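structure13.tsv (TSV, C-alpha atoms) appears below.
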chain	number	residue	atom	x	y	z
U	794	MET	CA	64.85	-14.55	7.34
U	795	PHE	CA	64.14	-10.83	7.64
U	796	THR	CA	66.74	-8.59	9.32
U	797	HIS	CA	66.12	-5.02	10.44
U	798	ASP	CA	67.29	-2.28	8.13
U	799	LYS	CA	69.39	0.17	10.16
U	800	LYS	CA	67.50	3.21	8.87
U	801	PHE	CA	64.33	2.13	10.73
U	802	LYS	CA	63.86	1.48	14.42
U	803	PRO	CA	61.08	-0.80	15.69
U	804	PHE	CA	58.10	1.11	17.10
U	805	THR	CA	58.34	1.33	20.89
U	806	GLY	CA	54.59	0.84	21.18
U	807	LYS	CA	52.74	-1.40	18.77
U	808	VAL	CA	51.10	0.21	15.77
U	809	TRP	CA	47.83	-1.68	15.46
U	810	LEU	CA	45.60	-2.61	12.55
U	811	ALA	CA	42.50	-1.18	14.26
U	812	THR	CA	41.64	-0.82	17.94
U	813	PRO	CA	38.87	0.90	19.91
U	814	THR	CA	39.12	4.68	20.23
U	815	MET	CA	37.48	5.70	23.48
U	816	HIS	CA	36.40	9.19	24.53
U	817	GLY	CA	35.09	9.04	28.10
U	818	GLU	CA	31.38	9.25	27.37
U	819	GLU	CA	31.37	5.46	27.24
U	820	LEU	CA	32.29	5.20	30.92
U	821	LYS	CA	29.56	7.67	31.83
U	822	TRP	CA	26.83	5.46	30.38
U	823	MET	CA	28.37	2.22	31.67
U	824	THR	CA	28.44	3.78	35.13
U	825	ASP	CA	24.85	4.88	34.68
U	826	ALA	CA	23.88	1.24	34.03
U	827	PHE	CA	25.84	0.21	37.14
U	828	ASN	CA	24.34	2.87	39.38
U	829	LYS	CA	20.79	2.05	38.23
U	830	ASN	CA	21.54	-1.69	38.54
U	831	TRP	CA	20.44	-2.35	34.95
U	832	MET	CA	23.24	-4.85	34.23
U	833	SER	CA	21.23	-7.30	32.16
U	834	THR	CA	19.66	-7.21	28.69
U	835	VAL	CA	17.14	-4.48	29.43
U	836	GLY	CA	17.65	-0.82	30.23
U	837	GLU	CA	17.80	2.76	29.08
U	838	ASN	CA	21.10	2.35	27.20
U	839	ILE	CA	19.67	-0.37	24.97
U	840	ASN	CA	16.57	1.66	24.20
U	841	GLU	CA	18.59	4.76	23.42
U	842	VAL	CA	21.15	2.95	21.26
U	843	GLU	CA	18.34	1.43	19.20
U	844	ARG	CA	16.77	4.87	18.77
U	845	LEU	CA	20.05	6.60	17.89
U	846	THR	CA	21.09	3.88	15.45
U	847	ALA	CA	17.78	3.83	13.60
U	848	ALA	CA	17.87	7.63	13.32
U	849	LYS	CA	21.46	7.63	12.08
U	850	ILE	CA	21.01	4.80	9.58
U	851	GLY	CA	17.65	6.01	8.36
U	852	CYS	CA	15.63	2.87	9.05
U	853	LYS	CA	12.48	2.58	11.14
U	854	TYR	CA	13.66	-0.07	13.59
U	855	ALA	CA	16.98	-1.23	15.04
U	856	VAL	CA	17.22	-4.27	17.31
U	857	ALA	CA	20.21	-4.39	19.67
U	858	LEU	CA	21.87	-7.82	19.76
U	859	SER	CA	24.92	-9.44	21.31
U	860	CYS	CA	27.07	-9.35	18.16
U	861	GLY	CA	26.93	-8.85	14.42
U	862	THR	CA	26.82	-12.59	13.81
U	863	ALA	CA	23.73	-12.89	16.02
U	864	ALA	CA	22.13	-10.11	13.97
U	865	LEU	CA	23.00	-11.95	10.74
U	866	HIS	CA	21.59	-15.19	12.10
U	867	LEU	CA	18.25	-13.59	12.93
U	868	ALA	CA	18.28	-11.74	9.59
U	869	VAL	CA	18.74	-15.04	7.78
U	870	LYS	CA	15.83	-16.54	9.71
U	871	LEU	CA	13.63	-13.53	9.00
U	872	ALA	CA	14.52	-13.76	5.30
U	873	GLY	CA	13.07	-17.27	5.31
U	874	ILE	CA	16.20	-19.27	4.53
U	875	LYS	CA	15.56	-22.92	5.35
U	876	ARG	CA	17.36	-26.24	5.22
U	877	GLY	CA	18.37	-27.14	1.69
U	878	ASP	CA	17.87	-23.63	0.27
U	879	LYS	CA	20.62	-22.43	-2.04
U	880	VAL	CA	21.76	-18.88	-1.17
U	881	PHE	CA	23.97	-16.53	-3.21
U	882	CYS	CA	26.69	-15.19	-0.89
U	883	SER	CA	29.62	-12.78	-1.12
U	884	ASP	CA	32.81	-14.72	-1.74
U	885	MET	CA	35.51	-12.35	-0.50
U	886	THR	CA	34.41	-11.61	3.06
U	887	PHE	CA	34.80	-12.83	6.62
U	888	SER	CA	33.15	-16.20	7.23
U	889	ALA	CA	30.64	-14.63	9.66
U	890	THR	CA	28.80	-13.20	6.63
U	891	LEU	CA	27.63	-16.62	5.52
U	892	ASN	CA	28.01	-18.95	8.49
U	893	PRO	CA	24.45	-18.10	9.66
U	894	VAL	CA	23.18	-19.40	6.31
U	895	VAL	CA	24.71	-22.74	7.25
U	896	TYR	CA	23.31	-22.53	10.80
U	897	GLU	CA	19.86	-22.66	9.18
U	898	GLY	CA	20.82	-25.47	6.81
U	899	GLY	CA	21.22	-23.29	3.72
U	900	VAL	CA	23.80	-24.01	1.02
U	901	PRO	CA	26.03	-21.01	0.14
U	902	ILE	CA	26.78	-20.44	-3.54
U	903	PHE	CA	29.65	-17.99	-3.73
U	904	ILE	CA	29.52	-15.06	-6.15
U	905	ASP	CA	32.84	-13.64	-7.30
U	906	THR	CA	34.09	-10.13	-6.55
U	907	GLU	CA	34.25	-7.15	-8.90
U	908	ARG	CA	37.35	-4.97	-9.00
U	909	ASP	CA	35.73	-1.53	-8.67
U	910	THR	CA	34.73	-1.93	-5.01
U	911	TRP	CA	35.94	-5.46	-4.09
U	912	ASN	CA	32.32	-6.47	-3.43
U	913	MET	CA	29.84	-8.92	-4.95
U	914	ASP	CA	29.87	-8.67	-8.75
U	915	PRO	CA	26.39	-7.85	-10.14
U	916	VAL	CA	27.31	-9.41	-13.50
U	917	ALA	CA	28.35	-12.67	-11.85
U	918	LEU	CA	25.17	-12.52	-9.76
U	919	GLU	CA	23.03	-12.26	-12.89
U	920	LYS	CA	24.90	-15.20	-14.41
U	921	ALA	CA	24.37	-17.16	-11.21
U	922	PHE	CA	20.61	-16.81	-11.61
U	923	GLU	CA	20.96	-18.36	-15.06
U	924	LEU	CA	22.63	-21.37	-13.45
U	925	TYR	CA	20.37	-21.48	-10.39
U	926	PRO	CA	17.06	-19.78	-11.35
U	927	ASP	CA	15.20	-20.97	-8.24
U	928	VAL	CA	17.41	-19.15	-5.71
U	929	LYS	CA	15.48	-16.53	-3.73
U	930	HIS	CA	18.04	-15.21	-1.23
U	931	ILE	CA	21.22	-13.12	-1.46
U	932	VAL	CA	23.58	-12.42	1.45
U	933	MET	CA	26.14	-9.73	0.56
U	934	ALA	CA	28.73	-7.66	2.42
U	935	ASN	CA	30.17	-4.15	2.06
U	936	LEU	CA	33.85	-5.02	2.35
U	937	TYR	CA	36.27	-2.92	4.44
U	938	GLY	CA	33.68	-0.15	4.79
U	939	THR	CA	33.16	0.32	1.04
U	940	PRO	CA	29.60	0.21	-0.35
U	941	ALA	CA	28.89	-2.38	-3.01
U	942	LYS	CA	27.21	-1.50	-6.32
U	943	MET	CA	23.88	-1.55	-4.55
U	944	ASP	CA	21.66	-0.26	-7.36
U	945	GLU	CA	22.94	-2.95	-9.70
U	946	LEU	CA	22.69	-5.72	-7.11
U	947	ARG	CA	19.20	-4.55	-6.13
U	948	ALA	CA	18.10	-4.54	-9.78
U	949	VAL	CA	19.29	-8.12	-10.26
U	950	ALA	CA	17.57	-9.24	-7.07
U	951	ASP	CA	14.31	-7.56	-8.04
U	952	ARG	CA	14.31	-9.12	-11.51
U	953	HIS	CA	14.47	-12.54	-9.92
U	954	GLY	CA	12.27	-11.91	-6.88
U	955	ALA	CA	15.13	-12.43	-4.43
U	956	VAL	CA	15.52	-11.09	-0.89
U	957	ILE	CA	18.77	-9.31	0.05
U	958	VAL	CA	20.34	-9.58	3.49
U	959	GLU	CA	22.89	-6.74	3.66
U	960	ASP	CA	25.92	-7.29	5.89
U	961	ALA	CA	27.04	-3.76	6.74
U	962	ALA	CA	29.12	-4.96	9.70
U	963	GLU	CA	32.20	-3.12	8.42
U	964	SER	CA	30.50	-0.14	6.77
U	965	LEU	CA	28.66	1.81	9.49
U	966	GLY	CA	28.55	5.44	8.34
U	967	ALA	CA	29.36	4.68	4.70
U	968	THR	CA	26.87	5.96	2.13
U	969	TYR	CA	25.80	5.05	-1.39
U	970	LYS	CA	24.12	7.86	-3.33
U	971	GLY	CA	23.63	9.66	-0.03
U	972	LYS	CA	21.92	6.74	1.68
U	973	GLN	CA	23.45	4.84	4.58
U	974	THR	CA	24.61	1.26	4.05
U	975	GLY	CA	22.54	-1.25	5.94
U	976	THR	CA	19.34	0.09	4.37
U	977	PHE	CA	19.65	-1.29	0.83
U	978	GLY	CA	18.83	-4.87	1.72
U	979	ASP	CA	15.44	-6.13	2.76
U	980	ILE	CA	17.12	-6.66	6.14
U	981	GLY	CA	20.45	-5.18	7.23
U	982	ILE	CA	22.93	-5.57	10.06
U	983	ILE	CA	25.87	-3.67	11.57
U	984	SER	CA	28.56	-4.73	14.03
U	985	PHE	CA	30.08	-3.04	17.08
U	986	ASN	CA	32.93	-5.53	17.44
U	987	GLY	CA	36.11	-4.29	19.15
U	988	ASN	CA	37.92	-3.34	15.93
U	989	LYS	CA	34.99	-1.67	14.16
U	990	ILE	CA	34.74	2.06	13.53
U	991	ILE	CA	32.25	2.33	16.43
U	992	THR	CA	32.65	-0.30	19.12
U	993	GLY	CA	30.95	-1.66	22.19
U	994	SER	CA	33.69	-4.30	22.61
U	995	SER	CA	30.95	-6.50	21.15
U	996	GLY	CA	27.40	-6.01	19.97
U	997	GLY	CA	25.44	-5.80	16.76
U	998	MET	CA	22.23	-4.39	15.37
U	999	LEU	CA	19.53	-5.74	13.08
U	1000	LEU	CA	18.04	-3.05	10.81
U	1001	THR	CA	14.57	-3.17	9.26
U	1002	ASP	CA	11.59	-1.03	8.23
U	1003	ASP	CA	9.17	-3.82	9.15
U	1004	ILE	CA	7.73	-3.70	12.67
U	1005	GLU	CA	6.82	-7.39	12.54
U	1006	GLN	CA	10.41	-8.31	11.70
U	1007	ALA	CA	11.70	-6.11	14.53
U	1008	ASN	CA	9.32	-7.63	17.05
U	1009	LYS	CA	10.09	-11.16	15.90
U	1010	ALA	CA	13.84	-10.51	16.22
U	1011	ARG	CA	13.40	-9.14	19.74
U	1012	LYS	CA	11.35	-12.18	20.72
U	1013	TRP	CA	13.79	-14.70	19.22
U	1014	SER	CA	16.73	-12.90	20.86
U	1015	THR	CA	15.21	-13.34	24.33
U	1016	GLN	CA	14.62	-17.11	24.12
U	1017	SER	CA	11.23	-16.67	22.40
U	1018	ARG	CA	9.39	-16.27	25.65
U	1019	GLU	CA	5.64	-15.84	25.19
U	1020	ALA	CA	3.55	-13.19	26.97
U	1021	ALA	CA	2.41	-15.58	29.69
U	1022	PRO	CA	2.72	-15.34	33.49
U	1023	TRP	CA	5.13	-18.30	33.40
U	1024	TYR	CA	7.92	-19.32	31.03
U	1025	GLN	CA	6.01	-20.32	27.92
U	1026	HIS	CA	7.81	-21.18	24.65
U	1027	GLU	CA	6.23	-22.00	21.31
U	1028	GLU	CA	9.27	-21.67	19.04
U	1029	LEU	CA	13.05	-21.86	19.21
U	1030	GLY	CA	14.77	-18.89	20.82
U	1031	TYR	CA	18.28	-17.56	21.40
U	1032	ASN	CA	20.20	-15.65	24.04
U	1033	TYR	CA	21.10	-12.88	21.59
U	1034	ARG	CA	19.98	-9.63	23.27
U	1035	MET	CA	22.57	-6.89	23.84
U	1036	SER	CA	23.71	-6.15	27.38
U	1037	ASN	CA	22.74	-2.75	28.79
U	1038	VAL	CA	26.39	-2.29	29.84
U	1039	ILE	CA	27.67	-2.92	26.30
U	1040	ALA	CA	24.95	-0.58	25.03
U	1041	GLY	CA	26.40	2.08	27.32
U	1042	VAL	CA	29.75	1.85	25.53
U	1043	ILE	CA	28.05	2.16	22.15
U	1044	ARG	CA	25.89	5.04	23.38
U	1045	GLY	CA	29.06	6.92	24.28
U	1046	GLN	CA	30.72	6.05	20.97
U	1047	LEU	CA	27.99	6.94	18.47
U	1048	PRO	CA	28.41	10.75	18.66
U	1049	TYR	CA	31.99	10.28	17.40
U	1050	LEU	CA	31.19	8.35	14.22
U	1051	GLU	CA	31.88	11.22	11.82
U	1052	GLU	CA	35.09	12.08	13.66
U	1053	HIS	CA	36.31	8.49	13.35
U	1054	ILE	CA	35.45	8.41	9.65
U	1055	ALA	CA	37.40	11.63	9.07
U	1056	GLN	CA	40.42	10.17	10.88
U	1057	LYS	CA	40.24	6.95	8.87
U	1058	LYS	CA	39.93	8.92	5.63
U	1059	ALA	CA	43.04	10.94	6.49
U	1060	ILE	CA	44.94	7.68	7.01
U	1061	TYR	CA	43.77	6.36	3.63
U	1062	GLU	CA	44.73	9.58	1.84
U	1063	ARG	CA	48.16	9.70	3.52
U	1064	TYR	CA	48.88	6.16	2.35
U	1065	LYS	CA	47.69	6.97	-1.15
U	1066	ALA	CA	50.02	9.98	-1.34
U	1067	GLY	CA	52.88	8.17	0.37
U	1068	PHE	CA	52.82	5.25	-2.06
U	1069	LYS	CA	52.97	7.48	-5.14
U	1070	GLY	CA	55.42	5.98	-7.60
U	1071	LEU	CA	55.17	2.47	-6.17
U	1072	PRO	CA	53.57	-0.32	-8.23
U	1073	VAL	CA	50.55	-0.45	-5.90
U	1074	VAL	CA	47.00	0.90	-5.66
U	1075	MET	CA	44.74	1.43	-2.65
U	1076	ASN	CA	41.47	-0.44	-2.14
U	1077	PRO	CA	39.04	1.19	-4.58
U	1078	PHE	CA	35.61	2.77	-4.25
U	1079	ASP	CA	33.12	4.48	-6.52
U	1080	GLY	CA	33.86	8.14	-5.76
U	1081	LYS	CA	30.93	9.32	-7.86
U	1082	ASN	CA	28.23	7.36	-6.03
U	1083	SER	CA	29.62	6.30	-2.68
U	1084	ALA	CA	31.48	7.54	0.37
U	1085	PRO	CA	33.18	4.73	2.31
U	1086	ASN	CA	33.93	4.88	6.02
U	1087	TYR	CA	37.58	3.94	5.29
U	1088	TRP	CA	37.51	1.34	8.08
U	1089	LEU	CA	40.67	-0.37	6.81
U	1090	SER	CA	43.21	0.95	4.33
U	1091	CYS	CA	44.33	-1.80	1.98
U	1092	MET	CA	46.79	-1.97	-0.89
U	1093	LEU	CA	47.05	-4.12	-4.01
U	1094	ILE	CA	50.41	-4.84	-5.63
U	1095	ASP	CA	50.61	-4.69	-9.43
U	1096	GLY	CA	50.86	-8.16	-10.96
U	1097	ASP	CA	54.23	-7.56	-12.61
U	1098	ALA	CA	55.64	-6.20	-9.32
U	1099	MET	CA	54.93	-9.41	-7.38
U	1100	CYS	CA	57.98	-11.38	-6.34
U	1101	LYS	CA	57.84	-15.18	-6.39
U	1102	HIS	CA	55.28	-16.01	-3.72
U	1103	VAL	CA	53.57	-19.26	-2.72
U	1104	ARG	CA	50.86	-19.78	-0.11
U	1105	GLY	CA	49.91	-23.11	1.39
U	1106	GLU	CA	47.01	-23.75	3.73
U	1107	MET	CA	48.81	-22.39	6.80
U	1108	GLU	CA	52.14	-20.98	5.63
U	1109	ALA	CA	53.64	-18.87	2.85
U	1110	CYS	CA	57.07	-18.37	1.36
U	1111	TYR	CA	58.56	-15.90	-1.09
U	1112	VAL	CA	61.78	-15.07	-2.90
U	1113	LYS	CA	63.04	-11.52	-2.50
U	1114	GLN	CA	63.45	-9.82	-5.88
U	1115	SER	CA	64.74	-6.33	-6.58
U	1116	GLY	CA	61.95	-3.87	-7.32
U	1117	LYS	CA	59.29	-6.40	-6.35
U	1118	SER	CA	57.50	-7.54	-3.21
U	1119	CYS	CA	54.46	-9.52	-2.01
U	1120	PRO	CA	51.95	-9.39	0.85
U	1121	THR	CA	53.87	-11.91	2.95
U	1122	GLU	CA	57.12	-9.94	2.77
U	1123	ILE	CA	55.41	-6.65	3.62
U	1124	LEU	CA	53.42	-8.12	6.52
U	1125	GLU	CA	56.47	-9.88	7.95
U	1126	THR	CA	58.52	-6.71	7.63
U	1127	LEU	CA	55.85	-4.60	9.34
U	1128	ALA	CA	55.62	-7.17	12.14
U	1129	ALA	CA	59.40	-7.04	12.61
U	1130	TYR	CA	59.05	-3.32	13.31
U	1131	ASN	CA	56.11	-3.89	15.70
U	1132	ALA	CA	53.34	-2.85	13.32
U	1133	GLU	CA	50.25	-4.95	12.59
U	1134	GLY	CA	48.81	-5.60	9.15
U	1135	ARG	CA	46.91	-8.61	7.88
U	1136	PRO	CA	46.06	-10.44	4.66
U	1137	ILE	CA	42.96	-9.64	2.66
U	1138	TRP	CA	40.01	-11.87	3.55
U	1139	LYS	CA	40.66	-15.25	1.97
U	1140	PRO	CA	37.74	-15.92	-0.39
U	1141	MET	CA	35.19	-18.38	0.91
U	1142	HIS	CA	35.42	-20.73	-2.06
U	1143	MET	CA	39.11	-21.20	-1.17
U	1144	GLN	CA	38.34	-22.16	2.44
U	1145	PRO	CA	38.58	-25.89	3.24
U	1146	ILE	CA	35.15	-25.89	4.90
U	1147	TYR	CA	33.46	-24.46	1.77
U	1148	ARG	CA	35.68	-25.80	-0.98
U	1149	ASN	CA	32.98	-28.09	-2.34
U	1150	ASN	CA	30.34	-25.35	-2.50
U	1151	PRO	CA	29.44	-23.87	-5.89
U	1152	PHE	CA	31.29	-20.71	-6.94
U	1153	VAL	CA	30.34	-18.46	-9.86
U	1154	THR	CA	32.60	-15.97	-11.60
U	1155	VAL	CA	32.53	-14.22	-14.97
U	1156	GLU	CA	35.55	-13.88	-17.21
U	1157	GLY	CA	36.11	-11.81	-20.33
U	1158	ASP	CA	33.78	-13.81	-22.54
U	1159	GLY	CA	30.87	-13.12	-20.22
U	1160	ARG	CA	30.16	-16.78	-19.54
U	1161	ALA	CA	29.48	-17.91	-15.99
U	1162	LYS	CA	32.06	-20.32	-14.60
U	1163	THR	CA	31.64	-22.69	-11.67
U	1164	ASN	CA	34.31	-23.67	-9.17
U	1165	ALA	CA	35.04	-26.84	-11.13
U	1166	TYR	CA	36.05	-24.72	-14.12
U	1167	ILE	CA	38.05	-22.29	-12.02
U	1168	ALA	CA	39.93	-25.10	-10.32
U	1169	GLY	CA	41.47	-25.82	-13.69
U	1170	SER	CA	42.16	-22.24	-14.72
U	1171	GLY	CA	43.29	-20.75	-11.40
U	1172	VAL	CA	41.68	-17.42	-12.29
U	1173	ASP	CA	39.08	-15.43	-10.40
U	1174	VAL	CA	38.93	-11.89	-9.05
U	1175	GLY	CA	38.70	-12.67	-5.34
U	1176	MET	CA	41.62	-15.07	-5.49
U	1177	ASP	CA	43.68	-12.49	-7.37
U	1178	ILE	CA	42.98	-9.75	-4.81
U	1179	PHE	CA	43.78	-12.12	-1.95
U	1180	ASN	CA	47.07	-13.10	-3.59
U	1181	ARG	CA	48.19	-9.52	-4.24
U	1182	GLY	CA	46.55	-7.50	-1.46
U	1183	LEU	CA	46.99	-6.73	2.22
U	1184	CYS	CA	45.47	-4.60	4.97
U	1185	LEU	CA	47.71	-1.86	6.36
U	1186	PRO	CA	47.85	-0.48	9.91
U	1187	SER	CA	44.70	1.66	10.04
U	1188	ASP	CA	44.29	2.55	13.70
U	1189	ASN	CA	42.97	6.09	14.02
U	1190	LYS	CA	45.26	6.72	17.00
U	1191	MET	CA	48.31	6.14	14.81
U	1192	THR	CA	50.30	9.36	14.54
U	1193	ALA	CA	51.30	10.91	11.22
U	1194	GLU	CA	54.93	10.19	12.10
U	1195	GLN	CA	54.17	6.54	12.75
U	1196	GLN	CA	52.28	6.27	9.49
U	1197	ASP	CA	55.13	7.91	7.60
U	1198	THR	CA	57.43	5.24	8.99
U	1199	VAL	CA	55.01	2.50	7.92
U	1200	ILE	CA	54.97	4.02	4.44
U	1201	ASN	CA	58.77	4.06	4.29
U	1202	ILE	CA	58.97	0.46	5.49
U	1203	VAL	CA	56.62	-0.60	2.71
U	1204	ARG	CA	58.56	1.40	0.16
U	1205	ALA	CA	61.79	-0.29	1.29
U	1206	CYS	CA	60.27	-3.70	0.52
U	1207	PHE	CA	60.32	-2.76	-3.18
U	1208	GLU	CA	63.98	-1.73	-3.23
For this file, write the structure as structure tokens.
Amino acid sequence: MFTHDKKFKPFTGKVWLATPTMHGEELKWMTDAFNKNWMSTVGENINEVERLTAAKIGCKYAVALSCGTAALHLAVKLAGIKRGDKVFCSDMTFSATLNPVVYEGGVPIFIDTERDTWNMDPVALEKAFELYPDVKHIVMANLYGTPAKMDELRAVADRHGAVIVEDAAESLGATYKGKQTGTFGDIGIISFNGNKIITGSSGGMLLTDDIEQANKARKWSTQSREAAPWYQHEELGYNYRMSNVIAGVIRGQLPYLEEHIAQKKAIYERYKAGFKGLPVVMNPFDGKNSAPNYWLSCMLIDGDAMCKHVRGEMEACYVKQSGKSCPTEILETLAAYNAEGRPIWKPMHMQPIYRNNPFVTVEGDGRAKTNAYIAGSGVDVGMDIFNRGLCLPSDNKMTAEQQDTVINIVRACFE
């Protein structure tokens, strides 16, 4: 059982992982919706948010939807994924990335992670096409606001005639070779969930350069009503359109995107400097080609600095060892001082619901391995990062003094 070290006092107010940062402009546009009585899924805020987002991202059309998952669902439908189709999906991500594939009856095949950006491994993707040459769809995420190796993934997809759905839910404002994430896939999405770098409390956006896709998404999102004087329906629809009130929050938030990114970057850099000398590294990115949005600052403990640590399905335990630590110890210690961290996303092939789905990784010999092989070896990149990594408090309202205390608490775990 953890006991407080006397040299630290618990934070009087909670230090959060990531919470909304509001500025006042949000209330202005919400009030505007109220005063004009546009409280439904039509209105000026929605139109303006779509315009502003498309201009910022650099795509032709943005469709405002109720959440990022709704955007992913419609993206999957637009990509043509149908019942029985095998789909290559990011393995280390939140389940929302691939659940829409299953909504449409698709079968996710999980592609292992590479260490340079913690995103889908292009080498494993190429090997996956050798195992499953008929696959024509890829659903990939930019984890924790860090762009994937998009040129390499795009090249693999093009060689095999595959469509990419790009989940940029976490990476709004991040760029790869000067281009915004969300524009590298054939269809992209972003999220405005409450903990994202720009929030509407909820909300999402589908991104496309195809006017037919944009119009189809708008139609599907409003119950697929036909242009008839009565309620006429010829295909399945959804109640997925964004509220004009939520759009008002986002409209007030968008001008502060660069400011939020700068604040998140400062947090990342302070952690990196503060952990100097510890057997840890921060979540990586390709500094030559990409600029992340630093949504969450994460750390990875060196393998030989891990104390004895076992995770079950719902619980974990560890043995404290001098000079060593583990994610569970650090997260429990932070929580004891009223600070919030969380584990790295548990890879999808490790989740009970998807444990029987195919999983492809590539080890040192360059041969593709399936989940059956890995079950015997216990080795894959995503599993390793999950076992040794954690997300640190990354709220951009956290003060430098609070962050310094978090750093010292983490350092104390290795004593």
**OP:** Mind giving me the straight-line distance from CA of Leu871 in chain U to CA of Leu1029 in chain U in Å, one decimal?
**Re:**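 Those two atoms sit 13.2 Å apart.
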Original post:
Which value, in Å to one decimal, gives the distance between CA of Ala847 in chain U and CA of Ala955 in chain U?
Top reply: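 Between these atoms lies a distance of 24.4 Å.
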**OP:** Please identify all polymer residues within 8 Å of Ile990 in chain U, counting all atoms listed in the file, omitting same-chain residues fewer than 2 positions from it, and present them as a list in words.
**Re:**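 Final neighbour list, sorted by chain and number: Pro813, Glu963, Leu965, Phe985, Asn988, Thr992, Leu1050, His1053, Ile1054 and Trp1088 of chain U.
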**OP:** Give me, please, the distance in Å between CA of Leu918 in chain U and CA of Ile931 in chain U, quoted to one decimal.
**Re:** 9.2 Å
Taking all atoms listed in the file into account, produce a table as a Markdown table in which each residue of range 1079-1154 of chain U with an atom at most 12 Å from an atom of range 1188-1193 of chain U appears once, together with its shortest atom pair and the distance in Å to one decimal, ordered by chain and rising number.
| residue | atom | partner | partner_atom | distance |
| --- | --- | --- | --- | --- |
| U:Tyr1087 | CA | U:Asn1189 | CA | 10.5 |
| U:Trp1088 | CA | U:Asp1188 | CA | 8.9 |
| U:Leu1089 | CA | U:Asp1188 | CA | 8.3 |
| U:Ser1090 | CA | U:Asp1188 | CA | 9.6 |
| U:Ala1132 | CA | U:Met1191 | CA | 10.4 |
| U:Glu1133 | CA | U:Asp1188 | CA | 9.6 |
| U:Gly1134 | CA | U:Asp1188 | CA | 10.4 |
**OP:** Find, counting all atoms listed in the file, the residue in U:Thr1126, U:Val856, U:Asp1095, U:Ala1205 that gets nearest to Thr1015 in chain U.
**Re:**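 Ranked by minimum distance to Thr1015 in chain U, first place goes to U:Val856.
Counting all atoms listed in the file, Gly899 in chain U has the following residues at most 9 Å away, ignoring those fewer than 3 positions along the same chain: Ile874, Lys875, Arg876, Gly877, Asp878, Lys879, Val880, Pro893, Val894, Val895 and Tyr896 of chain U.
Counting only C-alpha atoms, the residue from U:Phe903, U:Tyr1033, U:Trp822, U:Phe1068 that sits nearest to Asn838 in chain U is U:Trp822.
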Original post:
Counting all atoms listed in the file, which residues come within 10 Å of (28.5, 7.8, -6.7), with the point read in the file's coordinates, and could you list them as a list in words?
Top reply: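 Applying the cut-off with all atoms listed in the file, one gets Pro940, Lys942, Thr968, Tyr969, Lys970, Gly971, Phe1078, Asp1079, Gly1080, Lys1081, Asn1082, Ser1083 and Ala1084 of chain U.
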Subject >> Option closest in space to Lys1057 in chain U, from U:Ala868, U:Leu1185, U:Leu1071, U:Ile850 [counting only C-alpha atoms] >> reply: U:Leu1185
